[in-house]
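Enquirer: Here it is, the structure, as C-alpha cells.
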Number of protein chains: 2
Amino acid sequence: MFTPQPIGYARTPHTRSSDIPKGIGAKHDAEGTLEILPGFAEGLADVEGFSHLYVLWEFDRSDGFDLTATPPADGGRPHGVFATRSPRRPNPIGLTVVELLERDGRRLRVRGVDMLDGTPILDLKPYLSSVAESSLRRGWLAEAEARNAPRA
Amino acid sequence: MFTPQPIGYARTPHTRSSDIPKGIGAKHDAEGTLEILPGFAEGLADVEGFSHLYVLWEFDRSDGFDLTATPPADGGRPHGVFATRSPRRPNPIGLTVVELLERDGRRLRVRGVDMLDGTPILDLKPYLSSVAESSLRRGWLAEAEARNAPRA
C-alpha cells in the first residue's frame, strides 16, 4: 500500500482530547486553520470556490485499535468500530466536513474542526453533494438520542 | 505516520477506469459488495443500523501524484488537486458515500460504488448528517455545469 505523508497540519483550539465536544448533540463549530505545506500549496488552486471541504487526517495520538468501541454518546454500550467514529481504528484516519471561511494563501480558515491542534492532514476534497436528511437512518446513535431525550 | 492495511476489498462492476461514469451529472448508482476480511469482521457490529456509510479506500492502480488536475467534468481546465476528485493525489485515498442495502455477515451489499473491482478498503464510518444543499457552494463544478447546460 501507499506510504502516508502529511500535506499540512491543523491548528485548532483543542490541545487535549477532553477539549473536543463529544456525545449526543455535540456541536463542532470551533474555528481553526488548515496550514498546507509550501510543497503542496499549488494543489489548493480554486479550492476557495467550495463552501465545504472534506478533511482527511491522521489520529496521530491514537495507538493501536479495537474492533469494538464504546462511544460516550451511547453510555458505554459496545458497537463495532466501523459503526463509530472511534479514533482507535485499524487505519487511524479521521474524516471531518468543515466550512471554508477564508483562504489566505496556503492557510485555510475553517469552521467545524474536531481534531487536536497539530494534527497531520492527509487530504482535502471538495464536498459536492449531500444525502437528503430525510433518507438517512442513523442506527444506534438515533436510538441513543431518543433514550436521552428529555421526557415530557 | 501509520502503515495502511486493507480491512477488505470492494467487488464492483468496474474493471477498467473507463467503466466508471465521470463528468457532469455522472450518476454512481452501481451496486457492489464490500467484503471485509475475517480478522476485521467483528468491527461491523451494528453497522446495519445506518442507511449510508463513508468508504475510505486506496487508489491502488494510481501511481504518483500531480498538484494540478484536469477533470473531464471541466473539459481540460486545470484545478488544484485538492479542489478535485483526481486519483493522482499526494495520499491516494478515495472517499465514497454508499447506501447500505444489506449486510450478510462480513459482506455489505451497497449502492453507489465508483471504485474499481478489487480496490482495497481502508475504513468504514457511519454517515451521520449532511450539509444542507441550500448552503453548499460547488465552485468550478457548478460553473462547468452551467457552461454545459443545454441552451434554451
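Identifiers for the C-alpha cells are assigned positionally: chains receive A, B, ... in sequence, residues are indexed from 1 per chain, and ligands are indexed from 1 in the order shown.
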Quick one: residues within 12 Å of segment 58-61 of chain A, only C-alpha atoms counted, chain neighbours fewer than 3 positions away excluded, as number ranges by chain?

Expert: A: 4-10, 15-17, 55, 64-65, 85-96, 114-123; B: 1-4, 91

Enquirer: Show me a table, sorted first by chain and then by increasing residue number, of the residues of chain B having an atom at most 7 Å from chain A, each with its shortest atom pair and the distance in Å to one decimal, counting only C-alpha atoms and written as a tab-separated table.

Expert:
```
residue	atom	partner	partner_atom	distance
B:Met1	CA	A:Pro4	CA	6.4
B:Thr3	CA	A:Thr3	CA	6.7
B:Pro4	CA	A:Asn91	CA	5.9
B:Gln5	CA	A:Asn91	CA	6.7
B:Phe40	CA	A:Leu67	CA	6.9
B:Glu42	CA	A:Leu67	CA	5.9
B:Gly43	CA	A:Gly80	CA	4.0
B:Leu44	CA	A:Gly80	CA	5.0
B:Ala45	CA	A:Gly80	CA	4.2
B:Asp46	CA	A:His79	CA	6.1
B:Val47	CA	A:Ala83	CA	4.8
B:Gly49	CA	A:Gly139	CA	3.9
B:Phe50	CA	A:Gly139	CA	4.8
B:Ser51	CA	A:Arg137	CA	4.8
B:His52	CA	A:Leu136	CA	6.9
B:Leu67	CA	A:Gly43	CA	4.4
B:Thr68	CA	A:Gly43	CA	5.9
B:His79	CA	A:Ala45	CA	5.7
B:Gly80	CA	A:Gly43	CA	4.0
B:Val81	CA	A:Gly43	CA	4.8
B:Phe82	CA	A:Leu124	CA	5.2
B:Ala83	CA	A:Val47	CA	4.8
B:Thr84	CA	A:Lys125	CA	6.4
B:Arg85	CA	A:Lys125	CA	6.6
B:Asn91	CA	A:Pro4	CA	5.9
B:Leu122	CA	A:Asn91	CA	6.2
B:Asp123	CA	A:Asn91	CA	6.6
B:Leu124	CA	A:Phe82	CA	5.2
B:Lys125	CA	A:Phe82	CA	5.3
B:Pro126	CA	A:Ala83	CA	5.5
B:Leu128	CA	A:Arg138	CA	6.0
B:Ser129	CA	A:Glu133	CA	6.9
B:Ser130	CA	A:Ser130	CA	5.4
B:Val131	CA	A:Ser130	CA	6.2
B:Glu133	CA	A:Ser130	CA	6.4
B:Leu136	CA	A:Ser51	CA	5.7
B:Arg137	CA	A:Ser51	CA	4.8
B:Arg138	CA	A:Phe50	CA	4.9
B:Gly139	CA	A:Gly49	CA	3.8
B:Trp140	CA	A:Gly49	CA	6.6
```

Enquirer: Would you put the residues from that selection into a file with C-alpha atoms, as a PDB file, in the first residue's frame?

Expert:
```
ATOM      1  CA  MET B   1       2.794   8.092  10.259  1.00  0.00           C
ATOM      2  CA  THR B   3       1.170   1.987   7.900  1.00  0.00           C
ATOM      3  CA  PRO B   4      -2.058   1.455   5.937  1.00  0.00           C
ATOM      4  CA  GLN B   5      -3.568  -2.021   5.827  1.00  0.00           C
ATOM      5  CA  PHE B  40     -11.921  -7.286  10.966  1.00  0.00           C
ATOM      6  CA  GLU B  42     -16.186  -8.001  14.447  1.00  0.00           C
ATOM      7  CA  GLY B  43     -15.832  -4.279  13.731  1.00  0.00           C
ATOM      8  CA  LEU B  44     -19.037  -4.397  11.645  1.00  0.00           C
ATOM      9  CA  ALA B  45     -21.334  -4.929  14.652  1.00  0.00           C
ATOM     10  CA  ASP B  46     -24.383  -2.619  14.402  1.00  0.00           C
ATOM     11  CA  VAL B  47     -23.314  -1.147  11.071  1.00  0.00           C
ATOM     12  CA  GLY B  49     -28.480   0.304  11.500  1.00  0.00           C
ATOM     13  CA  PHE B  50     -27.076   3.001   9.218  1.00  0.00           C
ATOM     14  CA  SER B  51     -28.544   3.733   5.805  1.00  0.00           C
ATOM     15  CA  HIS B  52     -25.343   5.267   4.414  1.00  0.00           C
ATOM     16  CA  LEU B  67      -0.743  19.107  -7.801  1.00  0.00           C
ATOM     17  CA  THR B  68      -2.828  20.210 -10.778  1.00  0.00           C
ATOM     18  CA  HIS B  79      -7.671  22.972 -10.967  1.00  0.00           C
ATOM     19  CA  GLY B  80      -5.648  22.271  -7.851  1.00  0.00           C
ATOM     20  CA  VAL B  81      -5.797  18.578  -6.986  1.00  0.00           C
ATOM     21  CA  PHE B  82      -7.442  19.351  -3.617  1.00  0.00           C
ATOM     22  CA  ALA B  83     -10.325  21.032  -5.472  1.00  0.00           C
ATOM     23  CA  THR B  84     -10.914  17.810  -7.443  1.00  0.00           C
ATOM     24  CA  ARG B  85     -11.537  14.083  -7.016  1.00  0.00           C
ATOM     25  CA  ASN B  91      -2.094  10.429  -0.385  1.00  0.00           C
ATOM     26  CA  LEU B 122      -9.161   1.274   4.416  1.00  0.00           C
ATOM     27  CA  ASP B 123     -12.076   2.242   6.634  1.00  0.00           C
ATOM     28  CA  LEU B 124     -15.846   2.428   7.005  1.00  0.00           C
ATOM     29  CA  LYS B 125     -17.587   5.126   9.007  1.00  0.00           C
ATOM     30  CA  PRO B 126     -21.258   5.858   9.666  1.00  0.00           C
ATOM     31  CA  LEU B 128     -24.398  10.810  10.394  1.00  0.00           C
ATOM     32  CA  SER B 129     -25.512  14.114   8.925  1.00  0.00           C
ATOM     33  CA  SER B 130     -25.464  16.195   5.787  1.00  0.00           C
ATOM     34  CA  VAL B 131     -24.742  19.783   4.937  1.00  0.00           C
ATOM     35  CA  GLU B 133     -27.888  21.513  -0.113  1.00  0.00           C
ATOM     36  CA  LEU B 136     -23.429  24.359  -0.497  1.00  0.00           C
ATOM     37  CA  ARG B 137     -21.257  26.233  -2.993  1.00  0.00           C
ATOM     38  CA  ARG B 138     -19.693  23.931  -5.558  1.00  0.00           C
ATOM     39  CA  GLY B 139     -17.005  26.135  -7.170  1.00  0.00           C
ATOM     40  CA  TRP B 140     -15.691  25.259 -10.617  1.00  0.00           C
TER      41      TRP B 140
END
```

Enquirer: Return as number ranges by chain the full set of residues in chain A whose backbone-based DSSP assignment is alpha helix (DSSP H).

Expert: A: 139-148

Enquirer: Just give me the gap between atom CA of Pro72 of chain A and atom CA of Leu100 of chain B in Å, one decimal is fine.

Expert: 24.8 Å

Enquirer: Per DSSP on the backbone, what are the strand (DSSP E or B) residues of segment 70-113 of chain A, as a ChimeraX atom specification?

Expert: /A:79-80,93-104,107-111
